[in-house]
>>> print(open('model.csv').read())   # CSV, C-alpha atoms and all ligand atoms
chain,number,residue,atom,x,y,z
K,899,MET,CA,116.1,118.2,113.1
K,900,TRP,CA,116.5,118.4,109.3
K,901,HIS,CA,116.2,115.3,107.2
K,902,THR,CA,115.6,114.4,103.5
K,903,TRP,CA,111.9,113.6,102.9
K,904,ARG,CA,112.8,109.9,102.3
K,905,ALA,CA,114.6,109.5,105.6
K,906,ALA,CA,112.0,111.5,107.5
K,907,THR,CA,109.1,109.5,106.0
K,908,GLU,CA,110.8,106.2,106.7
K,909,ARG,CA,111.1,107.1,110.3
K,910,ALA,CA,107.7,108.7,110.6
K,911,LEU,CA,105.8,105.7,109.1
K,912,TYR,CA,107.9,102.7,109.9
K,913,GLY,CA,110.4,103.7,112.6
K,914,GLU,CA,110.1,102.9,116.2
K,915,GLU,CA,106.6,104.3,117.2
K,916,GLY,CA,106.0,104.9,113.4
K,917,PHE,CA,102.5,105.7,112.2
K,918,TYR,CA,102.0,102.3,110.5
K,919,LEU,CA,103.3,100.3,113.4
K,920,ARG,CA,100.8,101.9,115.8
K,921,GLU,CA,97.8,102.8,113.7
K,922,ARG,CA,95.2,100.8,111.7
K,923,PRO,CA,95.0,102.3,108.2
K,924,SER,CA,91.1,102.1,108.0
K,925,GLY,CA,90.9,104.7,110.8
K,926,HIS,CA,92.6,107.3,108.7
K,927,PHE,CA,91.7,106.8,105.0
K,928,ARG,CA,89.4,104.8,102.7
K,929,THR,CA,90.9,102.4,100.1
K,930,SER,CA,89.1,100.2,97.5
K,931,VAL,CA,89.5,97.3,100.0
K,932,SER,CA,87.6,99.2,102.7
K,933,ALA,CA,85.1,100.8,100.3
K,934,SER,CA,83.6,97.5,99.0
K,935,ALA,CA,83.8,93.8,99.2
K,936,ALA,CA,83.2,93.9,95.4
K,937,PHE,CA,87.0,94.7,95.2
K,938,ALA,CA,87.9,91.3,96.8
K,939,GLY,CA,85.4,89.7,94.5
K,940,ALA,CA,87.3,91.1,91.5
K,941,VAL,CA,90.6,90.0,92.9
K,942,LEU,CA,89.1,86.5,93.3
K,943,ALA,CA,88.1,86.6,89.6
K,944,LEU,CA,91.6,87.6,88.7
K,945,LEU,CA,93.1,84.8,90.8
K,946,ALA,CA,90.9,82.3,88.9
K,947,GLU,CA,92.1,83.7,85.6
K,948,VAL,CA,95.8,83.5,86.7
K,949,ASP,CA,95.1,79.9,88.0
K,950,ALA,CA,93.8,78.9,84.6
K,951,GLU,CA,96.8,80.6,82.8
K,952,LEU,CA,99.2,78.6,85.0
K,953,GLY,CA,97.4,75.3,84.4
K,954,LYS,CA,96.0,75.0,87.9
K,955,PRO,CA,99.2,74.4,89.8
K,956,ASP,CA,99.2,72.2,93.0
K,957,VAL,CA,100.1,75.4,95.0
K,958,LEU,CA,98.8,78.7,93.9
K,959,ASP,CA,100.2,81.8,95.6
K,960,LEU,CA,98.2,84.9,96.5
K,961,VAL,CA,100.6,87.6,97.9
K,962,ASP,CA,99.1,90.9,99.1
K,963,ILE,CA,101.8,93.5,99.6
K,964,GLY,CA,101.0,96.3,102.0
K,965,ALA,CA,98.2,94.1,103.3
K,966,GLY,CA,97.2,96.6,106.1
K,967,GLU,CA,94.6,94.9,108.2
K,968,GLY,CA,94.4,91.7,106.1
K,969,VAL,CA,90.9,92.4,104.9
K,970,LEU,CA,91.5,91.6,101.2
K,971,VAL,CA,93.1,88.2,101.8
K,972,THR,CA,90.4,87.3,104.4
K,973,GLN,CA,87.6,87.9,102.0
K,974,VAL,CA,89.3,86.1,99.1
K,975,LEU,CA,89.9,83.1,101.3
K,976,GLU,CA,86.3,83.1,102.5
K,977,TRP,CA,84.8,83.2,99.0
K,978,ALA,CA,87.2,81.1,97.1
K,979,PRO,CA,85.5,77.8,95.8
K,980,PRO,CA,86.9,74.8,97.7
K,981,ALA,CA,88.8,73.5,94.7
K,982,LEU,CA,90.8,76.7,94.5
K,983,ARG,CA,90.9,77.4,98.3
K,984,ASP,CA,92.6,74.1,99.0
K,985,ARG,CA,95.5,74.9,96.7
K,986,LEU,CA,95.9,78.5,97.9
K,987,ARG,CA,99.1,79.7,99.7
K,988,ILE,CA,98.3,83.1,101.0
K,989,THR,CA,101.0,85.6,102.2
K,990,ALA,CA,100.1,89.0,103.5
K,991,VAL,CA,103.1,91.2,103.5
K,992,ASP,CA,103.2,94.2,105.8
K,993,LEU,CA,105.6,95.9,108.2
K,994,SER,CA,102.9,96.3,110.8
K,995,PRO,CA,102.1,93.6,113.3
K,996,ARG,CA,99.9,90.6,112.4
K,997,PRO,CA,96.3,91.7,112.9
K,998,PRO,CA,94.5,89.8,115.7
K,999,GLY,CA,92.0,87.1,114.5
K,1000,LEU,CA,93.5,86.6,111.1
K,1001,SER,CA,93.0,83.1,109.7
K,1002,GLY,CA,95.8,80.6,110.4
K,1003,ARG,CA,95.8,80.0,106.6
K,1004,VAL,CA,97.3,83.4,106.1
K,1005,ARG,CA,101.1,83.7,106.5
K,1006,TRP,CA,102.0,87.2,107.8
K,1007,SER,CA,105.4,88.4,106.7
K,1008,GLY,CA,107.5,91.6,106.7
K,1009,GLU,CA,109.1,90.5,103.3
K,1010,VAL,CA,107.8,89.5,99.9
K,1011,PRO,CA,108.5,85.7,99.5
K,1012,ASP,CA,110.6,84.3,96.8
K,1013,GLY,CA,109.5,81.9,94.0
K,1014,ILE,CA,105.9,83.1,93.8
K,1015,VAL,CA,103.7,81.2,91.4
K,1016,GLY,CA,100.4,83.0,91.2
K,1017,LEU,CA,99.0,86.5,91.8
K,1018,VAL,CA,100.7,89.4,93.6
K,1019,ILE,CA,98.4,92.4,94.4
K,1020,ALA,CA,99.7,95.7,95.9
K,1021,ASN,CA,96.8,98.0,96.5
K,1022,GLU,CA,98.0,101.4,97.7
K,1023,TRP,CA,101.4,100.1,98.7
K,1024,LEU,CA,103.8,102.0,96.4
K,1025,ASP,CA,102.4,105.5,97.4
K,1026,ASN,CA,103.7,104.7,100.9
K,1027,VAL,CA,107.2,103.8,99.8
K,1028,PRO,CA,109.2,106.8,101.1
K,1029,LEU,CA,110.9,109.0,98.5
K,1030,ASP,CA,112.9,112.2,98.2
K,1031,VAL,CA,111.6,115.5,97.0
K,1032,ALA,CA,113.6,117.9,94.7
K,1033,GLU,CA,113.1,121.5,93.7
K,1034,GLN,CA,114.4,123.2,90.6
K,1035,THR,CA,116.7,126.1,91.2
K,1036,ALA,CA,118.6,128.4,88.8
K,1037,GLU,CA,121.6,126.0,89.3
K,1038,GLY,CA,119.6,122.8,88.8
K,1039,PRO,CA,117.6,120.5,91.0
K,1040,ARG,CA,118.3,120.4,94.8
K,1041,LEU,CA,117.0,118.1,97.5
K,1042,ILE,CA,114.5,119.4,99.9
K,1043,LEU,CA,115.1,118.9,103.6
K,1044,VAL,CA,112.3,118.9,106.1
K,1045,ASP,CA,112.1,119.6,109.8
K,1046,VAL,CA,110.5,116.5,111.3
K,1047,ARG,CA,108.8,118.3,114.1
K,1048,THR,CA,107.2,121.1,112.1
K,1049,GLY,CA,107.2,120.1,108.5
K,1050,GLU,CA,109.1,123.3,107.6
K,1051,GLU,CA,111.2,122.9,104.5
K,1052,ARG,CA,114.5,124.3,103.2
K,1053,LEU,CA,116.8,123.5,100.3
K,1054,GLY,CA,119.5,120.9,100.8
K,1055,GLY,CA,122.4,119.7,98.6
K,1056,PRO,CA,122.5,118.6,94.9
K,1057,LEU,CA,121.0,115.2,93.8
K,1058,ARG,CA,122.8,111.9,93.6
K,1059,PRO,CA,123.6,111.1,89.9
K,1060,ALA,CA,121.0,108.2,90.0
K,1061,ASP,CA,118.3,110.5,91.3
K,1062,ARG,CA,119.2,113.2,88.8
K,1063,ALA,CA,119.0,110.6,85.9
K,1064,TRP,CA,115.6,109.4,87.2
K,1065,LEU,CA,114.3,113.0,87.2
K,1066,GLU,CA,115.6,113.7,83.7
K,1067,ARG,CA,113.9,110.6,82.3
K,1068,TRP,CA,110.7,110.5,84.3
K,1069,TRP,CA,109.9,113.9,85.8
K,1070,PRO,CA,111.9,116.7,84.0
K,1071,LEU,CA,111.8,119.9,86.0
K,1072,THR,CA,111.7,122.9,83.7
K,1073,ARG,CA,110.7,125.9,85.8
K,1074,VAL,CA,112.6,127.3,88.8
K,1075,GLY,CA,110.5,126.6,91.9
K,1076,SER,CA,108.8,123.5,90.5
K,1077,ARG,CA,109.0,120.3,92.5
K,1078,ALA,CA,109.2,116.6,91.9
K,1079,GLU,CA,109.1,113.4,93.9
K,1080,ILE,CA,111.9,111.1,92.9
K,1081,GLY,CA,110.3,107.8,92.3
K,1082,LEU,CA,113.5,105.6,92.1
K,1083,PRO,CA,112.8,103.8,95.5
K,1084,ARG,CA,109.4,102.8,94.2
K,1085,ASP,CA,110.8,101.5,90.9
K,1086,GLU,CA,113.3,99.5,92.9
K,1087,ALA,CA,110.6,98.2,95.3
K,1088,TRP,CA,108.4,97.1,92.3
K,1089,ALA,CA,111.3,95.5,90.5
K,1090,SER,CA,112.1,93.5,93.6
K,1091,VAL,CA,108.6,92.1,93.4
K,1092,LEU,CA,108.9,91.1,89.8
K,1093,VAL,CA,112.2,89.4,90.6
K,1094,ARG,CA,110.4,87.2,93.2
K,1095,LEU,CA,107.6,86.3,90.8
K,1096,ARG,CA,108.5,83.0,89.1
K,1097,ARG,CA,105.3,82.7,87.1
K,1098,GLY,CA,102.0,84.6,87.1
K,1099,ARG,CA,100.9,88.2,87.4
K,1100,ALA,CA,101.8,91.2,89.6
K,1101,ILE,CA,99.4,94.1,89.9
K,1102,ALA,CA,100.1,97.5,91.5
K,1103,ILE,CA,97.1,99.8,92.1
K,1104,ASP,CA,97.6,103.3,93.1
K,1105,TYR,CA,96.8,107.0,92.4
K,1106,ALA,CA,99.2,107.7,89.6
K,1107,HIS,CA,100.4,110.3,87.1
K,1108,PRO,CA,101.9,109.9,83.7
K,1109,VAL,CA,105.2,111.3,82.5
K,1110,ASP,CA,103.5,113.9,80.2
K,1111,ASN,CA,101.3,115.2,83.0
K,1112,ARG,CA,103.2,115.3,86.3
K,1113,PRO,CA,101.9,117.8,88.8
K,1114,LEU,CA,104.0,121.0,88.9
K,1115,CYS,CA,104.5,121.0,92.7
K,1116,GLY,CA,104.3,117.3,93.5
K,1117,THR,CA,101.6,115.5,95.5
K,1118,LEU,CA,103.0,114.9,99.0
K,1119,THR,CA,100.0,114.7,101.3
K,1120,GLY,CA,99.2,113.8,104.9
K,1121,TYR,CA,96.1,111.9,106.2
K,1122,ARG,CA,94.9,111.8,109.7
K,1123,ASP,CA,91.5,110.6,111.0
K,1124,GLY,CA,90.0,110.6,107.5
K,1125,ALA,CA,91.1,114.2,106.7
K,1126,VAL,CA,93.8,115.6,104.5
K,1127,VAL,CA,96.5,117.4,106.7
K,1128,THR,CA,99.8,119.1,106.1
K,1129,PRO,CA,102.4,116.3,105.7
K,1130,VAL,CA,104.5,116.7,108.9
K,1131,PRO,CA,106.8,113.6,109.3
K,1132,ASP,CA,106.4,113.4,113.0
K,1133,GLY,CA,104.6,110.0,113.1
K,1134,THR,CA,101.1,111.3,113.8
K,1135,CYS,CA,99.8,111.1,110.2
K,1136,ASP,CA,100.1,109.0,107.0
K,1137,ILE,CA,102.4,110.5,104.4
K,1138,THR,CA,101.8,109.6,100.8
K,1139,ALA,CA,102.6,110.8,97.3
K,1140,HIS,CA,101.1,109.7,94.0
K,1141,VAL,CA,103.0,107.1,92.0
K,1142,ALA,CA,104.9,107.4,88.7
K,1143,LEU,CA,103.5,104.0,87.7
K,1144,ASP,CA,104.9,104.3,84.2
K,1145,ALA,CA,108.4,104.4,85.7
K,1146,CYS,CA,107.6,101.4,87.8
K,1147,ALA,CA,106.4,99.6,84.7
K,1148,ALA,CA,109.7,100.2,83.0
K,1149,ALA,CA,111.5,98.9,86.1
K,1150,GLY,CA,109.3,95.8,86.0
K,1151,ILE,CA,110.2,95.1,82.4
K,1152,ARG,CA,113.9,95.4,83.2
K,1153,ALA,CA,113.3,92.9,86.1
K,1154,GLY,CA,111.8,90.4,83.7
K,1155,ALA,CA,108.2,91.2,83.0
K,1156,ILE,CA,107.1,89.7,79.6
K,1157,SER,CA,103.9,91.7,79.2
K,1158,THR,CA,102.7,95.0,80.7
K,1159,THR,CA,99.3,96.6,80.8
K,1160,LEU,CA,98.9,100.1,82.3
K,1161,SER,CA,95.2,101.1,82.6
K,1162,THR,CA,92.8,102.5,85.1
K,1163,GLN,CA,90.9,100.8,87.9
K,1164,ARG,CA,87.6,101.7,86.1
K,1165,ALA,CA,88.7,99.8,82.9
K,1166,ALA,CA,90.2,96.9,84.8
K,1167,LEU,CA,87.3,96.3,87.2
K,1168,ARG,CA,84.7,96.7,84.4
K,1169,GLU,CA,86.5,93.9,82.6
K,1170,LEU,CA,86.1,91.8,85.7
K,1171,GLY,CA,82.4,92.4,85.9
K,1172,VAL,CA,82.3,95.3,88.3
K,1173,THR,CA,79.9,97.6,86.5
K,1174,GLY,CA,77.8,99.5,89.1
K,1175,ALA,CA,74.7,98.5,87.2
K,1176,ARG,CA,71.5,99.0,89.2
K,1177,PRO,CA,69.2,96.0,89.7
K,1178,PRO,CA,66.1,95.7,87.6
K,1179,LEU,CA,63.0,97.5,89.1
K,1180,ASP,CA,61.0,94.2,88.9
K,1181,LEU,CA,63.2,92.9,91.6
K,1182,ALA,CA,61.9,95.6,94.0
K,1183,ARG,CA,58.4,94.1,93.8
K,1184,ALA,CA,59.5,90.4,93.8
K,1185,ASP,CA,62.1,90.7,96.5
K,1186,PRO,CA,62.3,94.1,98.2
K,1187,ARG,CA,65.1,93.2,100.6
K,1188,GLY,CA,67.1,91.6,97.8
K,1189,TYR,CA,66.6,94.7,95.7
K,1190,LEU,CA,67.9,97.0,98.5
K,1191,LYS,CA,70.9,94.8,98.9
K,1192,ALA,CA,71.6,94.8,95.2
K,1193,LEU,CA,71.2,98.6,95.1
K,1194,ALA,CA,73.7,99.1,97.9
K,1195,ARG,CA,76.1,96.8,96.1
K,1196,ALA,CA,75.6,98.8,92.9
K,1197,SER,CA,76.4,102.0,94.7
K,1198,GLU,CA,79.6,100.5,96.2
K,1199,GLU,CA,80.7,99.3,92.8
K,1200,GLY,CA,80.0,102.8,91.5
K,1201,GLU,CA,82.4,104.2,94.0
K,1202,LEU,CA,85.1,101.6,92.9
K,1203,ILE,CA,84.9,102.7,89.3
K,1204,ASP,CA,84.1,106.4,89.7
K,1205,PRO,CA,86.6,108.0,87.2
K,1206,SER,CA,87.0,111.0,89.5
K,1207,GLY,CA,87.8,108.8,92.5
K,1208,LEU,CA,89.0,105.3,93.0
K,1209,GLY,CA,88.1,104.4,89.4
K,1210,GLY,CA,90.8,106.9,88.2
K,1211,PHE,CA,93.6,104.9,90.0
K,1212,GLY,CA,96.3,103.4,87.8
K,1213,TRP,CA,96.4,99.6,87.4
K,1214,LEU,CA,99.8,98.3,86.4
K,1215,SER,CA,99.6,94.6,85.5
K,1216,GLN,CA,102.7,92.7,84.6
K,1217,LYS,CA,103.3,89.0,83.8
K,1218,ARG,CA,106.2,86.7,84.0
X,1301,LIG,C1,97.7,102.6,102.4
X,1301,LIG,S1,97.9,101.1,103.3
X,1301,LIG,C2,97.1,100.0,102.3
X,1301,LIG,C3,96.4,98.8,103.0
X,1301,LIG,C4,95.6,97.9,102.1
X,1301,LIG,N1,96.4,97.4,101.0
X,1301,LIG,C5,94.3,98.5,101.6
X,1301,LIG,O1,94.2,98.7,100.4
X,1301,LIG,O2,93.4,98.8,102.4
X,1301,LIG,C6,99.6,100.7,103.0
X,1301,LIG,C7,100.2,99.6,103.7
X,1301,LIG,O3,101.5,99.3,103.2
X,1301,LIG,C8,102.4,98.9,104.2
X,1301,LIG,N2,103.8,99.0,103.8
X,1301,LIG,C9,104.4,100.1,103.4
X,1301,LIG,N3,105.7,99.8,103.0
X,1301,LIG,C10,105.8,98.5,103.2
X,1301,LIG,C11,106.9,97.6,102.9
X,1301,LIG,N4,108.1,98.0,102.5
X,1301,LIG,N5,106.7,96.3,103.1
X,1301,LIG,C12,105.5,95.9,103.6
X,1301,LIG,N6,104.4,96.7,103.8
X,1301,LIG,C13,104.6,98.0,103.6
X,1301,LIG,C14,102.0,99.8,105.4
X,1301,LIG,O4,102.4,99.3,106.6
X,1301,LIG,C15,100.4,99.8,105.2
X,1301,LIG,O5,99.8,98.9,106.0
>>> encode(input="model.csv", output="structure tokens")
Amino acid sequence: MWHTWRAATERALYGEEGFYLRERPSGHFRTSVSASAAFAGAVLALLAEVDAELGKPDVLDLVDIGAGEGVLVTQVLEWAPPALRDRLRITAVDLSPRPPGLSGRVRWSGEVPDGIVGLVIANEWLDNVPLDVAEQTAEGPRLILVDVRTGEERLGGPLRPADRAWLERWWPLTRVGSRAEIGLPRDEAWASVLVRLRRGRAIAIDYAHPVDNRPLCGTLTGYRDGAVVTPVPDGTCDITAHVALDACAAAGIRAGAISTTLSTQRAALRELGVTGARPPLDLARADPRGYLKALARASEEGELIDPSGLGGFGWLSQKR
């Protein structure tokens, strides 16, 4: 059964019996959310900043897109000071079923709500938005088709004009045999978020590559049980590809963003006070248990800002 990668991934991840409708993400890969609660602490700090910028509205939205198991919103809700918590309207957006035991304060939805006033966060969502893959041939770029049972690939037809235009602007293919992932569906997904943001900030966090340094053969990858596997779109593994966040940023601007910052997780989290600094040695004598706790926290923070790991993720922040 031959399909385009976009159609095959859509079915494998979100179709009937799809990977995300059956599986819990934390069983298969580690994200910043699962790596450390310090990530939720940083999101809470951001939320407080946005709240102040908006003049402390009566209702402040926190929308988590691709919320997975709802861990991030649960932690933010738990730690928010009462004066903020009481005004929070939390929406966790995911295509998977509502996780059991989630607080009644959290609305679980398959769609991004309209008229958001507050903060939107999308941690490792865009890399799971299915896309097509193209390969350069002597006659120009062609779509790649995949056998959904084996992952075997073959060349398909030429590209739609919109896909071809996207490649020319965002991922020019120069060499025969080089491959690109056509990020247009992600641009559209991100733009649809900006359109729904009335006032506030939207932040997308993902492994990303810039237009002047796209990988020669693309980044399509599979994950199963914590290990990297061949991406076979048969519903038994996650299928992901790094994100052209610069293209998403441009789409966000077209959709109404009035300011845009594209940086790394390391830079963004350090600004929010996540430094990975070790506790002072004096604490080890005065409060040995407190010292060990602080040391563990420092090591988790270190993982979040490690430039060769999670710290190297792109942070796209846009305001309306
Ligand atoms: C890699 S997981 C990230 C989970 C969580 N944000 C974290 O950081 O641990 C991606 C999540 O995005 C969800 N997802 C993908 N496409 C979606 C869409 N169009 N609408 C809502 N959720 C989506 C998947 O179901 C999955 O739970």
>>> residues_near_ligand(input="model.csv", ligand="ligand LIG 1301 (chain X)", cutoff="8 Å", atoms="only C-alpha atoms and all ligand atoms", output="VMD selection string")
chain K and resid 911 to 912 918 to 919 922 to 924 927 to 932 962 to 970 991 to 994 1008 to 1010 1020 to 1027 1087
>>> residues_around(input="model.csv", residues="stretch 1202-1217 of chain K", least_positions_apart="4", cutoff="9 Å", atoms="all atoms listed in the file", output="PyMOL selection string")
chain K and resi 929-930+933-934+936-937+1092+1095+1097-1107+1141+1143-1144+1146-1147+1150-1151+1154-1168+1172-1174+1197-1198
>>> residues_around(input="model.csv", residues="K:Asp1061", least_positions_apart="4", cutoff="7 Å", atoms="all atoms listed in the file", output="list in words")
Leu1057, Leu1065, Ile1080 and Leu1082 of chain K
>>> write_last_selection(input="model.csv", atoms="C-alpha atoms", output="PDB file, keeping the file's coordinate frame")
ATOM      1  CA  LEU K1057     121.000 115.200  93.800  1.00  0.00           C
ATOM      2  CA  LEU K1065     114.300 113.000  87.200  1.00  0.00           C
ATOM      3  CA  ILE K1080     111.900 111.100  92.900  1.00  0.00           C
ATOM      4  CA  LEU K1082     113.500 105.600  92.100  1.00  0.00           C
TER       5      LEU K1082
END
>>> atom_distance(input="model.csv", atom1="atom CA of K:Gly1120", atom2="atom CA of K:Leu1029")
14.2 Å
>>> atom_distance(input="model.csv", atom1="atom CA of K:Arg1073", atom2="atom CA of K:Arg1052")
17.9 Å
>>> decode(input="model.csv", residues="stretch 922-932 of chain K", atoms="all heavy atoms", output="PDB file, in the first residue's frame")
ATOM      1  N   ARG K 922       0.894   6.153  25.348  1.00  0.00           N
ATOM      2  CA  ARG K 922       1.249   7.311  26.167  1.00  0.00           C
ATOM      3  C   ARG K 922       2.637   7.766  25.722  1.00  0.00           C
ATOM      4  O   ARG K 922       3.578   6.968  25.752  1.00  0.00           O
ATOM      5  CB  ARG K 922       1.272   6.949  27.658  1.00  0.00           C
ATOM      6  CG  ARG K 922      -0.060   6.437  28.201  1.00  0.00           C
ATOM      7  CD  ARG K 922      -1.047   7.554  28.500  1.00  0.00           C
ATOM      8  NE  ARG K 922      -1.893   7.879  27.345  1.00  0.00           N
ATOM      9  CZ  ARG K 922      -2.685   8.926  27.256  1.00  0.00           C
ATOM     10  NH1 ARG K 922      -2.735   9.803  28.216  1.00  0.00           N
ATOM     11  NH2 ARG K 922      -3.417   9.149  26.198  1.00  0.00           N
ATOM     12  N   PRO K 923       2.812   9.043  25.321  1.00  0.00           N
ATOM     13  CA  PRO K 923       4.108   9.491  24.791  1.00  0.00           C
ATOM     14  C   PRO K 923       5.286   9.184  25.713  1.00  0.00           C
ATOM     15  O   PRO K 923       6.361   8.801  25.255  1.00  0.00           O
ATOM     16  CB  PRO K 923       3.922  11.004  24.639  1.00  0.00           C
ATOM     17  CG  PRO K 923       2.461  11.223  24.540  1.00  0.00           C
ATOM     18  CD  PRO K 923       1.796  10.108  25.278  1.00  0.00           C
ATOM     19  N   SER K 924       5.090   9.320  27.053  1.00  0.00           N
ATOM     20  CA  SER K 924       6.240   9.172  27.963  1.00  0.00           C
ATOM     21  C   SER K 924       6.827   7.761  27.931  1.00  0.00           C
ATOM     22  O   SER K 924       7.956   7.551  28.352  1.00  0.00           O
ATOM     23  CB  SER K 924       5.842   9.538  29.392  1.00  0.00           C
ATOM     24  OG  SER K 924       4.780   8.717  29.804  1.00  0.00           O
ATOM     25  N   GLY K 925       6.068   6.793  27.429  1.00  0.00           N
ATOM     26  CA  GLY K 925       6.604   5.435  27.316  1.00  0.00           C
ATOM     27  C   GLY K 925       7.593   5.310  26.160  1.00  0.00           C
ATOM     28  O   GLY K 925       8.309   4.304  26.063  1.00  0.00           O
ATOM     29  N   HIS K 926       7.629   6.304  25.292  1.00  0.00           N
ATOM     30  CA  HIS K 926       8.418   6.149  24.068  1.00  0.00           C
ATOM     31  C   HIS K 926       9.536   7.169  23.909  1.00  0.00           C
ATOM     32  O   HIS K 926      10.512   6.903  23.220  1.00  0.00           O
ATOM     33  CB  HIS K 926       7.493   6.199  22.850  1.00  0.00           C
ATOM     34  CG  HIS K 926       6.534   5.047  22.840  1.00  0.00           C
ATOM     35  ND1 HIS K 926       6.855   3.838  22.276  1.00  0.00           N
ATOM     36  CD2 HIS K 926       5.305   4.904  23.382  1.00  0.00           C
ATOM     37  CE1 HIS K 926       5.829   2.994  22.448  1.00  0.00           C
ATOM     38  NE2 HIS K 926       4.886   3.630  23.118  1.00  0.00           N
ATOM     39  N   PHE K 927       9.385   8.351  24.486  1.00  0.00           N
ATOM     40  CA  PHE K 927      10.463   9.338  24.362  1.00  0.00           C
ATOM     41  C   PHE K 927      10.368  10.345  25.501  1.00  0.00           C
ATOM     42  O   PHE K 927       9.346  10.455  26.179  1.00  0.00           O
ATOM     43  CB  PHE K 927      10.423  10.059  23.013  1.00  0.00           C
ATOM     44  CG  PHE K 927       9.053  10.526  22.639  1.00  0.00           C
ATOM     45  CD1 PHE K 927       8.545  11.705  23.139  1.00  0.00           C
ATOM     46  CD2 PHE K 927       8.250   9.756  21.793  1.00  0.00           C
ATOM     47  CE1 PHE K 927       7.268  12.121  22.816  1.00  0.00           C
ATOM     48  CE2 PHE K 927       6.965  10.169  21.464  1.00  0.00           C
ATOM     49  CZ  PHE K 927       6.473  11.359  21.976  1.00  0.00           C
ATOM     50  N   ARG K 928      11.489  11.070  25.685  1.00  0.00           N
ATOM     51  CA  ARG K 928      11.611  12.027  26.776  1.00  0.00           C
ATOM     52  C   ARG K 928      11.468  13.429  26.196  1.00  0.00           C
ATOM     53  O   ARG K 928      12.092  13.750  25.187  1.00  0.00           O
ATOM     54  CB  ARG K 928      13.021  11.842  27.323  1.00  0.00           C
ATOM     55  CG  ARG K 928      13.333  12.427  28.651  1.00  0.00           C
ATOM     56  CD  ARG K 928      14.688  11.841  29.052  1.00  0.00           C
ATOM     57  NE  ARG K 928      15.285  12.575  30.156  1.00  0.00           N
ATOM     58  CZ  ARG K 928      14.973  12.351  31.423  1.00  0.00           C
ATOM     59  NH1 ARG K 928      14.080  11.429  31.729  1.00  0.00           N
ATOM     60  NH2 ARG K 928      15.554  13.046  32.383  1.00  0.00           N
ATOM     61  N   THR K 929      10.636  14.239  26.820  1.00  0.00           N
ATOM     62  CA  THR K 929      10.526  15.634  26.402  1.00  0.00           C
ATOM     63  C   THR K 929      10.961  16.512  27.582  1.00  0.00           C
ATOM     64  O   THR K 929      11.166  16.002  28.685  1.00  0.00           O
ATOM     65  CB  THR K 929       9.077  16.002  26.025  1.00  0.00           C
ATOM     66  OG1 THR K 929       8.276  15.931  27.220  1.00  0.00           O
ATOM     67  CG2 THR K 929       8.499  15.066  24.968  1.00  0.00           C
ATOM     68  N   SER K 930      11.030  17.810  27.374  1.00  0.00           N
ATOM     69  CA  SER K 930      11.386  18.705  28.483  1.00  0.00           C
ATOM     70  C   SER K 930      10.386  18.561  29.624  1.00  0.00           C
ATOM     71  O   SER K 930      10.738  18.653  30.798  1.00  0.00           O
ATOM     72  CB  SER K 930      11.394  20.163  28.004  1.00  0.00           C
ATOM     73  OG  SER K 930      12.428  20.347  27.071  1.00  0.00           O
ATOM     74  N   VAL K 931       9.122  18.331  29.263  1.00  0.00           N
ATOM     75  CA  VAL K 931       8.083  18.206  30.288  1.00  0.00           C
ATOM     76  C   VAL K 931       8.361  16.986  31.168  1.00  0.00           C
ATOM     77  O   VAL K 931       8.270  17.057  32.398  1.00  0.00           O
ATOM     78  CB  VAL K 931       6.688  18.090  29.628  1.00  0.00           C
ATOM     79  CG1 VAL K 931       5.618  17.789  30.655  1.00  0.00           C
ATOM     80  CG2 VAL K 931       6.360  19.358  28.854  1.00  0.00           C
ATOM     81  N   SER K 932       8.729  15.873  30.537  1.00  0.00           N
ATOM     82  CA  SER K 932       8.965  14.674  31.348  1.00  0.00           C
ATOM     83  C   SER K 932      10.356  14.688  31.987  1.00  0.00           C
ATOM     84  O   SER K 932      10.591  14.019  32.986  1.00  0.00           O
ATOM     85  CB  SER K 932       8.748  13.397  30.526  1.00  0.00           C
ATOM     86  OG  SER K 932       9.523  13.423  29.343  1.00  0.00           O
TER      87      SER K 932
END
